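The file run.cif contains mmCIF, N, CA and C atoms, pLDDT in the B column; chains and numbers go by the auth columns:
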```
data_structure
#
loop_
_atom_site.group_PDB
_atom_site.id
_atom_site.type_symbol
_atom_site.label_atom_id
_atom_site.label_comp_id
_atom_site.label_asym_id
_atom_site.label_seq_id
_atom_site.Cartn_x
_atom_site.Cartn_y
_atom_site.Cartn_z
_atom_site.B_iso_or_equiv
_atom_site.auth_seq_id
_atom_site.auth_asym_id
ATOM 1 N N MET A 1 0.850 -1.171 0.000 96.00 1 D
ATOM 2 C CA MET A 1 0.000 0.000 0.000 96.00 1 D
ATOM 3 C C MET A 1 0.898 1.236 0.000 96.00 1 D
ATOM 4 N N LYS A 2 0.644 2.125 -0.941 97.00 2 D
ATOM 5 C CA LYS A 2 1.436 3.351 -1.045 97.00 2 D
ATOM 6 C C LYS A 2 0.731 4.471 -0.289 97.00 2 D
ATOM 7 N N LEU A 3 1.472 5.125 0.599 97.00 3 D
ATOM 8 C CA LEU A 3 0.936 6.186 1.431 97.00 3 D
ATOM 9 C C LEU A 3 1.539 7.535 1.058 97.00 3 D
ATOM 10 N N PHE A 4 0.709 8.566 1.118 96.00 4 D
ATOM 11 C CA PHE A 4 1.148 9.940 0.925 96.00 4 D
ATOM 12 C C PHE A 4 1.216 10.565 2.307 96.00 4 D
ATOM 13 N N VAL A 5 2.400 11.028 2.689 96.00 5 D
ATOM 14 C CA VAL A 5 2.639 11.595 4.015 96.00 5 D
ATOM 15 C C VAL A 5 2.939 13.080 3.838 96.00 5 D
ATOM 16 N N SER A 6 2.158 13.941 4.490 95.00 6 D
ATOM 17 C CA SER A 6 2.354 15.381 4.305 95.00 6 D
ATOM 18 C C SER A 6 2.450 16.103 5.647 95.00 6 D
ATOM 19 N N ASN A 7 2.772 17.377 5.553 94.00 7 D
ATOM 20 C CA ASN A 7 3.008 18.275 6.683 94.00 7 D
ATOM 21 C C ASN A 7 4.263 17.886 7.466 94.00 7 D
ATOM 22 N N LEU A 8 5.254 17.406 6.737 93.00 8 D
ATOM 23 C CA LEU A 8 6.532 17.057 7.355 93.00 8 D
ATOM 24 C C LEU A 8 7.389 18.304 7.556 93.00 8 D
ATOM 25 N N SER A 9 8.224 18.266 8.567 88.00 9 D
ATOM 26 C CA SER A 9 9.172 19.348 8.803 88.00 9 D
ATOM 27 C C SER A 9 10.096 19.464 7.589 88.00 9 D
ATOM 28 N N PHE A 10 10.363 20.686 7.152 83.00 10 D
ATOM 29 C CA PHE A 10 11.180 20.894 5.964 83.00 10 D
ATOM 30 C C PHE A 10 12.648 20.581 6.181 83.00 10 D
ATOM 31 N N ASP A 11 13.125 20.720 7.417 80.00 11 D
ATOM 32 C CA ASP A 11 14.561 20.557 7.626 80.00 11 D
ATOM 33 C C ASP A 11 14.945 19.513 8.670 80.00 11 D
ATOM 34 N N LYS A 12 13.993 18.895 9.323 79.00 12 D
ATOM 35 C CA LYS A 12 14.328 17.958 10.397 79.00 12 D
ATOM 36 C C LYS A 12 14.104 16.494 10.045 79.00 12 D
ATOM 37 N N VAL A 13 13.379 16.211 8.981 85.00 13 D
ATOM 38 C CA VAL A 13 13.000 14.829 8.668 85.00 13 D
ATOM 39 C C VAL A 13 13.794 14.303 7.472 85.00 13 D
ATOM 40 N N ALA A 14 14.360 13.110 7.646 87.00 14 D
ATOM 41 C CA ALA A 14 15.045 12.404 6.558 87.00 14 D
ATOM 42 C C ALA A 14 14.336 11.072 6.338 87.00 14 D
ATOM 43 N N GLU A 15 14.689 10.404 5.257 91.00 15 D
ATOM 44 C CA GLU A 15 14.060 9.121 4.935 91.00 15 D
ATOM 45 C C GLU A 15 14.260 8.091 6.039 91.00 15 D
ATOM 46 N N THR A 16 15.402 8.134 6.730 93.00 16 D
ATOM 47 C CA THR A 16 15.645 7.156 7.797 93.00 16 D
ATOM 48 C C THR A 16 14.666 7.336 8.950 93.00 16 D
ATOM 49 N N GLU A 17 14.333 8.574 9.314 93.00 17 D
ATOM 50 C CA GLU A 17 13.359 8.810 10.382 93.00 17 D
ATOM 51 C C GLU A 17 11.975 8.321 9.978 93.00 17 D
ATOM 52 N N LEU A 18 11.615 8.553 8.735 94.00 18 D
ATOM 53 C CA LEU A 18 10.313 8.066 8.252 94.00 18 D
ATOM 54 C C LEU A 18 10.268 6.544 8.280 94.00 18 D
ATOM 55 N N ARG A 19 11.298 5.910 7.766 96.00 19 D
ATOM 56 C CA ARG A 19 11.342 4.442 7.750 96.00 19 D
ATOM 57 C C ARG A 19 11.231 3.888 9.171 96.00 19 D
ATOM 58 N N ASP A 20 11.978 4.457 10.093 96.00 20 D
ATOM 59 C CA ASP A 20 11.939 3.994 11.480 96.00 20 D
ATOM 60 C C ASP A 20 10.535 4.106 12.069 96.00 20 D
ATOM 61 N N ALA A 21 9.856 5.214 11.808 96.00 21 D
ATOM 62 C CA ALA A 21 8.512 5.423 12.356 96.00 21 D
ATOM 63 C C ALA A 21 7.509 4.428 11.770 96.00 21 D
ATOM 64 N N PHE A 22 7.574 4.195 10.458 97.00 22 D
ATOM 65 C CA PHE A 22 6.594 3.331 9.805 97.00 22 D
ATOM 66 C C PHE A 22 6.881 1.848 10.017 97.00 22 D
ATOM 67 N N GLU A 23 8.127 1.483 10.239 97.00 23 D
ATOM 68 C CA GLU A 23 8.464 0.071 10.464 97.00 23 D
ATOM 69 C C GLU A 23 7.847 -0.483 11.739 97.00 23 D
ATOM 70 N N LYS A 24 7.421 0.361 12.628 97.00 24 D
ATOM 71 C CA LYS A 24 6.745 -0.100 13.847 97.00 24 D
ATOM 72 C C LYS A 24 5.397 -0.745 13.531 97.00 24 D
ATOM 73 N N PHE A 25 4.893 -0.516 12.323 97.00 25 D
ATOM 74 C CA PHE A 25 3.569 -0.997 11.937 97.00 25 D
ATOM 75 C C PHE A 25 3.595 -2.013 10.800 97.00 25 D
ATOM 76 N N GLY A 26 4.788 -2.439 10.402 96.00 26 D
ATOM 77 C CA GLY A 26 4.904 -3.452 9.358 96.00 26 D
ATOM 78 C C GLY A 26 6.124 -3.213 8.485 96.00 26 D
ATOM 79 N N GLN A 27 6.268 -4.083 7.494 97.00 27 D
ATOM 80 C CA GLN A 27 7.416 -3.988 6.597 97.00 27 D
ATOM 81 C C GLN A 27 7.275 -2.801 5.650 97.00 27 D
ATOM 82 N N VAL A 28 8.334 -1.994 5.580 98.00 28 D
ATOM 83 C CA VAL A 28 8.374 -0.843 4.677 98.00 28 D
ATOM 84 C C VAL A 28 9.168 -1.255 3.447 98.00 28 D
ATOM 85 N N ARG A 29 8.556 -1.134 2.290 98.00 29 D
ATOM 86 C CA ARG A 29 9.230 -1.491 1.037 98.00 29 D
ATOM 87 C C ARG A 29 10.011 -0.335 0.438 98.00 29 D
ATOM 88 N N ASP A 30 9.506 0.897 0.632 97.00 30 D
ATOM 89 C CA ASP A 30 10.186 2.043 0.027 97.00 30 D
ATOM 90 C C ASP A 30 9.781 3.321 0.763 97.00 30 D
ATOM 91 N N VAL A 31 10.718 4.255 0.843 96.00 31 D
ATOM 92 C CA VAL A 31 10.459 5.581 1.392 96.00 31 D
ATOM 93 C C VAL A 31 11.082 6.578 0.438 96.00 31 D
ATOM 94 N N ARG A 32 10.296 7.561 0.043 94.00 32 D
ATOM 95 C CA ARG A 32 10.816 8.579 -0.872 94.00 32 D
ATOM 96 C C ARG A 32 10.393 9.964 -0.398 94.00 32 D
ATOM 97 N N LEU A 33 11.331 10.686 0.191 92.00 33 D
ATOM 98 C CA LEU A 33 11.102 12.055 0.624 92.00 33 D
ATOM 99 C C LEU A 33 11.278 12.953 -0.598 92.00 33 D
ATOM 100 N N ILE A 34 10.288 13.755 -0.883 88.00 34 D
ATOM 101 C CA ILE A 34 10.338 14.613 -2.072 88.00 34 D
ATOM 102 C C ILE A 34 11.116 15.881 -1.724 88.00 34 D
ATOM 103 N N ARG A 35 12.111 16.159 -2.552 86.00 35 D
ATOM 104 C CA ARG A 35 13.024 17.287 -2.313 86.00 35 D
ATOM 105 C C ARG A 35 13.089 18.211 -3.527 86.00 35 D
ATOM 106 N N ARG A 36 13.490 19.431 -3.221 78.00 36 D
ATOM 107 C CA ARG A 36 13.834 20.397 -4.268 78.00 36 D
ATOM 108 C C ARG A 36 15.082 21.113 -3.786 78.00 36 D
ATOM 109 N N ASP A 37 16.121 21.068 -4.573 77.00 37 D
ATOM 110 C CA ASP A 37 17.395 21.713 -4.216 77.00 37 D
ATOM 111 C C ASP A 37 17.879 21.259 -2.837 77.00 37 D
ATOM 112 N N GLU A 38 17.862 19.941 -2.613 74.00 38 D
ATOM 113 C CA GLU A 38 18.349 19.322 -1.373 74.00 38 D
ATOM 114 C C GLU A 38 17.501 19.608 -0.138 74.00 38 D
ATOM 115 N N ARG A 39 16.425 20.343 -0.268 68.00 39 D
ATOM 116 C CA ARG A 39 15.554 20.651 0.869 68.00 39 D
ATOM 117 C C ARG A 39 14.224 19.926 0.688 68.00 39 D
ATOM 118 N N SER A 40 13.706 19.382 1.781 75.00 40 D
ATOM 119 C CA SER A 40 12.426 18.689 1.744 75.00 40 D
ATOM 120 C C SER A 40 11.326 19.648 1.310 75.00 40 D
ATOM 121 N N ARG A 41 10.374 19.117 0.568 84.00 41 D
ATOM 122 C CA ARG A 41 9.203 19.904 0.186 84.00 41 D
ATOM 123 C C ARG A 41 8.060 19.692 1.169 84.00 41 D
ATOM 124 N N GLY A 42 8.301 18.866 2.202 87.00 42 D
ATOM 125 C CA GLY A 42 7.292 18.687 3.242 87.00 42 D
ATOM 126 C C GLY A 42 6.365 17.508 3.038 87.00 42 D
ATOM 127 N N PHE A 43 6.674 16.656 2.047 92.00 43 D
ATOM 128 C CA PHE A 43 5.866 15.465 1.872 92.00 43 D
ATOM 129 C C PHE A 43 6.709 14.308 1.367 92.00 43 D
ATOM 130 N N ALA A 44 6.143 13.108 1.500 94.00 44 D
ATOM 131 C CA ALA A 44 6.869 11.898 1.129 94.00 44 D
ATOM 132 C C ALA A 44 5.883 10.810 0.739 94.00 44 D
ATOM 133 N N PHE A 45 6.421 9.764 0.140 96.00 45 D
ATOM 134 C CA PHE A 45 5.659 8.554 -0.157 96.00 45 D
ATOM 135 C C PHE A 45 6.314 7.398 0.583 96.00 45 D
ATOM 136 N N VAL A 46 5.494 6.606 1.238 97.00 46 D
ATOM 137 C CA VAL A 46 5.962 5.426 1.959 97.00 46 D
ATOM 138 C C VAL A 46 5.167 4.243 1.437 97.00 46 D
ATOM 139 N N VAL A 47 5.861 3.184 1.027 97.00 47 D
ATOM 140 C CA VAL A 47 5.190 1.986 0.529 97.00 47 D
ATOM 141 C C VAL A 47 5.303 0.895 1.585 97.00 47 D
ATOM 142 N N MET A 48 4.145 0.476 2.082 98.00 48 D
ATOM 143 C CA MET A 48 4.075 -0.600 3.069 98.00 48 D
ATOM 144 C C MET A 48 3.847 -1.921 2.337 98.00 48 D
ATOM 145 N N ALA A 49 4.293 -3.019 2.927 97.00 49 D
ATOM 146 C CA ALA A 49 4.217 -4.332 2.289 97.00 49 D
ATOM 147 C C ALA A 49 2.778 -4.807 2.075 97.00 49 D
ATOM 148 N N THR A 50 1.907 -4.497 3.021 97.00 50 D
ATOM 149 C CA THR A 50 0.517 -4.958 2.899 97.00 50 D
ATOM 150 C C THR A 50 -0.447 -3.804 3.138 97.00 50 D
ATOM 151 N N HIS A 51 -1.662 -4.004 2.675 97.00 51 D
ATOM 152 C CA HIS A 51 -2.718 -3.017 2.889 97.00 51 D
ATOM 153 C C HIS A 51 -3.003 -2.859 4.386 97.00 51 D
ATOM 154 N N GLU A 52 -2.983 -3.973 5.094 97.00 52 D
ATOM 155 C CA GLU A 52 -3.250 -3.945 6.536 97.00 52 D
ATOM 156 C C GLU A 52 -2.196 -3.115 7.279 97.00 52 D
ATOM 157 N N ASP A 53 -0.922 -3.286 6.898 97.00 53 D
ATOM 158 C CA ASP A 53 0.158 -2.498 7.510 97.00 53 D
ATOM 159 C C ASP A 53 -0.049 -1.008 7.241 97.00 53 D
ATOM 160 N N GLY A 54 -0.449 -0.686 6.025 97.00 54 D
ATOM 161 C CA GLY A 54 -0.704 0.704 5.659 97.00 54 D
ATOM 162 C C GLY A 54 -1.846 1.304 6.452 97.00 54 D
ATOM 163 N N GLU A 55 -2.935 0.552 6.590 97.00 55 D
ATOM 164 C CA GLU A 55 -4.087 1.024 7.364 97.00 55 D
ATOM 165 C C GLU A 55 -3.702 1.248 8.821 97.00 55 D
ATOM 166 N N THR A 56 -2.905 0.352 9.378 97.00 56 D
ATOM 167 C CA THR A 56 -2.457 0.505 10.762 97.00 56 D
ATOM 168 C C THR A 56 -1.602 1.747 10.913 97.00 56 D
ATOM 169 N N ALA A 57 -0.688 1.977 9.985 97.00 57 D
ATOM 170 C CA ALA A 57 0.172 3.166 10.042 97.00 57 D
ATOM 171 C C ALA A 57 -0.666 4.441 9.958 97.00 57 D
ATOM 172 N N ILE A 58 -1.649 4.461 9.076 97.00 58 D
ATOM 173 C CA ILE A 58 -2.528 5.629 8.973 97.00 58 D
ATOM 174 C C ILE A 58 -3.228 5.874 10.304 97.00 58 D
ATOM 175 N N ARG A 59 -3.806 4.845 10.851 97.00 59 D
ATOM 176 C CA ARG A 59 -4.566 4.955 12.102 97.00 59 D
ATOM 177 C C ARG A 59 -3.678 5.418 13.271 97.00 59 D
ATOM 178 N N GLU A 60 -2.463 4.887 13.348 97.00 60 D
ATOM 179 C CA GLU A 60 -1.591 5.159 14.489 97.00 60 D
ATOM 180 C C GLU A 60 -0.765 6.436 14.374 97.00 60 D
ATOM 181 N N LEU A 61 -0.447 6.877 13.161 96.00 61 D
ATOM 182 C CA LEU A 61 0.462 8.020 12.998 96.00 61 D
ATOM 183 C C LEU A 61 -0.196 9.311 12.527 96.00 61 D
ATOM 184 N N SER A 62 -1.291 9.217 11.785 96.00 62 D
ATOM 185 C CA SER A 62 -1.897 10.423 11.226 96.00 62 D
ATOM 186 C C SER A 62 -2.368 11.352 12.346 96.00 62 D
ATOM 187 N N GLY A 63 -1.960 12.603 12.255 96.00 63 D
ATOM 188 C CA GLY A 63 -2.318 13.600 13.247 96.00 63 D
ATOM 189 C C GLY A 63 -1.367 13.665 14.431 96.00 63 D
ATOM 190 N N LYS A 64 -0.452 12.720 14.508 96.00 64 D
ATOM 191 C CA LYS A 64 0.510 12.695 15.616 96.00 64 D
ATOM 192 C C LYS A 64 1.666 13.649 15.335 96.00 64 D
ATOM 193 N N ASP A 65 2.274 14.144 16.410 95.00 65 D
ATOM 194 C CA ASP A 65 3.426 15.018 16.284 95.00 65 D
ATOM 195 C C ASP A 65 4.628 14.229 15.759 95.00 65 D
ATOM 196 N N PHE A 66 5.226 14.732 14.707 94.00 66 D
ATOM 197 C CA PHE A 66 6.397 14.107 14.105 94.00 66 D
ATOM 198 C C PHE A 66 7.409 15.207 13.846 94.00 66 D
ATOM 199 N N TYR A 67 8.405 15.299 14.708 92.00 67 D
ATOM 200 C CA TYR A 67 9.425 16.346 14.632 92.00 67 D
ATOM 201 C C TYR A 67 8.804 17.740 14.623 92.00 67 D
ATOM 202 N N GLY A 68 7.843 17.931 15.522 92.00 68 D
ATOM 203 C CA GLY A 68 7.269 19.254 15.718 92.00 68 D
ATOM 204 C C GLY A 68 6.066 19.606 14.878 92.00 68 D
ATOM 205 N N ARG A 69 5.591 18.683 14.051 94.00 69 D
ATOM 206 C CA ARG A 69 4.428 18.970 13.206 94.00 69 D
ATOM 207 C C ARG A 69 3.479 17.780 13.199 94.00 69 D
ATOM 208 N N PRO A 70 2.161 18.040 13.187 97.00 70 D
ATOM 209 C CA PRO A 70 1.195 16.930 13.099 97.00 70 D
ATOM 210 C C PRO A 70 1.132 16.426 11.653 97.00 70 D
ATOM 211 N N ILE A 71 1.564 15.194 11.435 96.00 71 D
ATOM 212 C CA ILE A 71 1.604 14.702 10.058 96.00 71 D
ATOM 213 C C ILE A 71 0.241 14.184 9.614 96.00 71 D
ATOM 214 N N SER A 72 0.040 14.218 8.324 96.00 72 D
ATOM 215 C CA SER A 72 -1.181 13.709 7.703 96.00 72 D
ATOM 216 C C SER A 72 -0.788 12.549 6.797 96.00 72 D
ATOM 217 N N ILE A 73 -1.552 11.462 6.860 97.00 73 D
ATOM 218 C CA ILE A 73 -1.256 10.284 6.047 97.00 73 D
ATOM 219 C C ILE A 73 -2.539 9.793 5.408 97.00 73 D
ATOM 220 N N VAL A 74 -2.504 9.601 4.095 97.00 74 D
ATOM 221 C CA VAL A 74 -3.632 9.028 3.357 97.00 74 D
ATOM 222 C C VAL A 74 -3.080 8.043 2.335 97.00 74 D
ATOM 223 N N GLU A 75 -3.939 7.188 1.832 96.00 75 D
ATOM 224 C CA GLU A 75 -3.518 6.293 0.762 96.00 75 D
ATOM 225 C C GLU A 75 -3.256 7.131 -0.482 96.00 75 D
ATOM 226 N N ALA A 76 -2.128 6.893 -1.126 95.00 76 D
ATOM 227 C CA ALA A 76 -1.753 7.656 -2.312 95.00 76 D
ATOM 228 C C ALA A 76 -2.681 7.306 -3.468 95.00 76 D
ATOM 229 N N ARG A 77 -3.057 8.315 -4.232 86.00 77 D
ATOM 230 C CA ARG A 77 -3.899 8.108 -5.411 86.00 77 D
ATOM 231 C C ARG A 77 -3.038 7.757 -6.606 86.00 77 D
ATOM 232 N N ASP A 78 -3.574 6.978 -7.475 75.00 78 D
ATOM 233 C CA ASP A 78 -2.895 6.654 -8.721 75.00 78 D
ATOM 234 C C ASP A 78 -3.433 7.579 -9.805 75.00 78 D
ATOM 235 N N ASP A 79 -2.728 8.690 -10.050 63.00 79 D
ATOM 236 C CA ASP A 79 -3.175 9.666 -11.035 63.00 79 D
ATOM 237 C C ASP A 79 -3.145 9.142 -12.451 63.00 79 D
ATOM 238 N N ALA A 80 -2.430 8.055 -12.708 49.00 80 D
ATOM 239 C CA ALA A 80 -2.378 7.497 -14.052 49.00 80 D
ATOM 240 C C ALA A 80 -3.744 7.022 -14.512 49.00 80 D
ATOM 241 N N SER A 81 -4.604 6.643 -13.594 45.00 81 D
ATOM 242 C CA SER A 81 -5.933 6.154 -13.957 45.00 81 D
ATOM 243 C C SER A 81 -6.830 7.278 -14.447 45.00 81 D
ATOM 244 N N LYS A 82 -6.464 8.539 -14.223 45.00 82 D
ATOM 245 C CA LYS A 82 -7.261 9.689 -14.642 45.00 82 D
ATOM 246 C C LYS A 82 -6.942 10.132 -16.055 45.00 82 D
ATOM 247 N N ARG A 83 -5.924 9.537 -16.673 40.00 83 D
ATOM 248 C CA ARG A 83 -5.502 9.973 -18.014 40.00 83 D
ATOM 249 C C ARG A 83 -6.328 9.337 -19.083 40.00 83 D
#
```
Rewrite the structure of this file - the entire thing - as structure tokens.
Amino acid sequence: MKLFVSNLSFDKVAETELRDAFEKFGQVRDVRLIRRDERSRGFAFVVMATHEDGETAIRELSGKDFYGRPISIVEARDDASKR
């Protein structure tokens, strides 16, 4: 399950911190922090191994303080289906 994680701190969060946080809820297949000019843009994509792991991560982490900001997590949309 691919998750869209937003409202991340621009300068305090790296992919390793995201992976560590999400691994508490299941196997993480991929973490991709979106950057521009080496600085975070405040959002990332996290791919969990199963849908159940993703749902648990959403339930347990969304709205929680993560390096000073309440993060938001939703299932990522597949924009390719809109073309």
Just checking: using all atoms listed in the file, which residue out of D:Arg32, D:Gly63, D:Asp78, D:Leu3 ends up closest to Glu15 of chain D?
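Of D:Arg32, D:Gly63, D:Asp78, D:Leu3, the one nearest Glu15 of chain D is D:Arg32, counting all atoms listed in the file.
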I want to know what sits within 8 Å of Glu75 of chain D, based on all atoms listed in the file, with residues of the same chain fewer than 4 positions away left out; could you give that as an MDAnalysis selection string?
chainID D and resid 1:5 54 58
Expected answer as number ranges by chain: all residues with atoms within 5 Å of (5.7, 18.2, 4.3), all atoms listed in the file
D: 6-9, 41-43
Which polymer residues have any atom within 12 Å of an atom of Glu55 of chain D, counting only C-alpha atoms, with same-chain residues fewer than 3 positions away left out, as a ChimeraX atom specification?
/D:1-3,22,25-26,47-52,58-62,73-76
What would the selection look like, as an mmCIF file with N, CA and C atoms, in the coordinates of the input, if the PyMOL selection byres (((chain D and resi 13 and name CA) around 9) and name CA) were run on the coordinates I just shared?
```cif
data_model
loop_
_atom_site.group_PDB
_atom_site.id
_atom_site.type_symbol
_atom_site.label_atom_id
_atom_site.label_comp_id
_atom_site.auth_asym_id
_atom_site.auth_seq_id
_atom_site.Cartn_x
_atom_site.Cartn_y
_atom_site.Cartn_z
ATOM 1 N N LEU D 8 5.254 17.406 6.737
ATOM 2 C CA LEU D 8 6.532 17.057 7.355
ATOM 3 C C LEU D 8 7.389 18.304 7.556
ATOM 4 N N SER D 9 8.224 18.266 8.567
ATOM 5 C CA SER D 9 9.172 19.348 8.803
ATOM 6 C C SER D 9 10.096 19.464 7.589
ATOM 7 N N PHE D 10 10.363 20.686 7.152
ATOM 8 C CA PHE D 10 11.180 20.894 5.964
ATOM 9 C C PHE D 10 12.648 20.581 6.181
ATOM 10 N N ASP D 11 13.125 20.720 7.417
ATOM 11 C CA ASP D 11 14.561 20.557 7.626
ATOM 12 C C ASP D 11 14.945 19.513 8.670
ATOM 13 N N LYS D 12 13.993 18.895 9.323
ATOM 14 C CA LYS D 12 14.328 17.958 10.397
ATOM 15 C C LYS D 12 14.104 16.494 10.045
ATOM 16 N N ALA D 14 14.360 13.110 7.646
ATOM 17 C CA ALA D 14 15.045 12.404 6.558
ATOM 18 C C ALA D 14 14.336 11.072 6.338
ATOM 19 N N GLU D 15 14.689 10.404 5.257
ATOM 20 C CA GLU D 15 14.060 9.121 4.935
ATOM 21 C C GLU D 15 14.260 8.091 6.039
ATOM 22 N N THR D 16 15.402 8.134 6.730
ATOM 23 C CA THR D 16 15.645 7.156 7.797
ATOM 24 C C THR D 16 14.666 7.336 8.950
ATOM 25 N N GLU D 17 14.333 8.574 9.314
ATOM 26 C CA GLU D 17 13.359 8.810 10.382
ATOM 27 C C GLU D 17 11.975 8.321 9.978
ATOM 28 N N LEU D 18 11.615 8.553 8.735
ATOM 29 C CA LEU D 18 10.313 8.066 8.252
ATOM 30 C C LEU D 18 10.268 6.544 8.280
ATOM 31 N N LEU D 33 11.331 10.686 0.191
ATOM 32 C CA LEU D 33 11.102 12.055 0.624
ATOM 33 C C LEU D 33 11.278 12.953 -0.598
ATOM 34 N N SER D 40 13.706 19.382 1.781
ATOM 35 C CA SER D 40 12.426 18.689 1.744
ATOM 36 C C SER D 40 11.326 19.648 1.310
ATOM 37 N N GLY D 42 8.301 18.866 2.202
ATOM 38 C CA GLY D 42 7.292 18.687 3.242
ATOM 39 C C GLY D 42 6.365 17.508 3.038
ATOM 40 N N PHE D 66 5.226 14.732 14.707
ATOM 41 C CA PHE D 66 6.397 14.107 14.105
ATOM 42 C C PHE D 66 7.409 15.207 13.846
ATOM 43 N N TYR D 67 8.405 15.299 14.708
ATOM 44 C CA TYR D 67 9.425 16.346 14.632
ATOM 45 C C TYR D 67 8.804 17.740 14.623
#
```
Given the PyMOL selection byres (((chain D and resi 30 and name CA) around 6) and name CA), the residues it picks as a tab-separated table (two decimals) with N, CA and C atoms, in the coordinates of the input:
```tsv
chain	number	residue	atom	x	y	z
D	28	VAL	N	8.33	-1.99	5.58
D	28	VAL	CA	8.37	-0.84	4.68
D	28	VAL	C	9.17	-1.25	3.45
D	29	ARG	N	8.56	-1.13	2.29
D	29	ARG	CA	9.23	-1.49	1.04
D	29	ARG	C	10.01	-0.34	0.44
D	31	VAL	N	10.72	4.26	0.84
D	31	VAL	CA	10.46	5.58	1.39
D	31	VAL	C	11.08	6.58	0.44
D	46	VAL	N	5.49	6.61	1.24
D	46	VAL	CA	5.96	5.43	1.96
D	46	VAL	C	5.17	4.24	1.44
D	47	VAL	N	5.86	3.18	1.03
D	47	VAL	CA	5.19	1.99	0.53
D	47	VAL	C	5.30	0.90	1.58
```
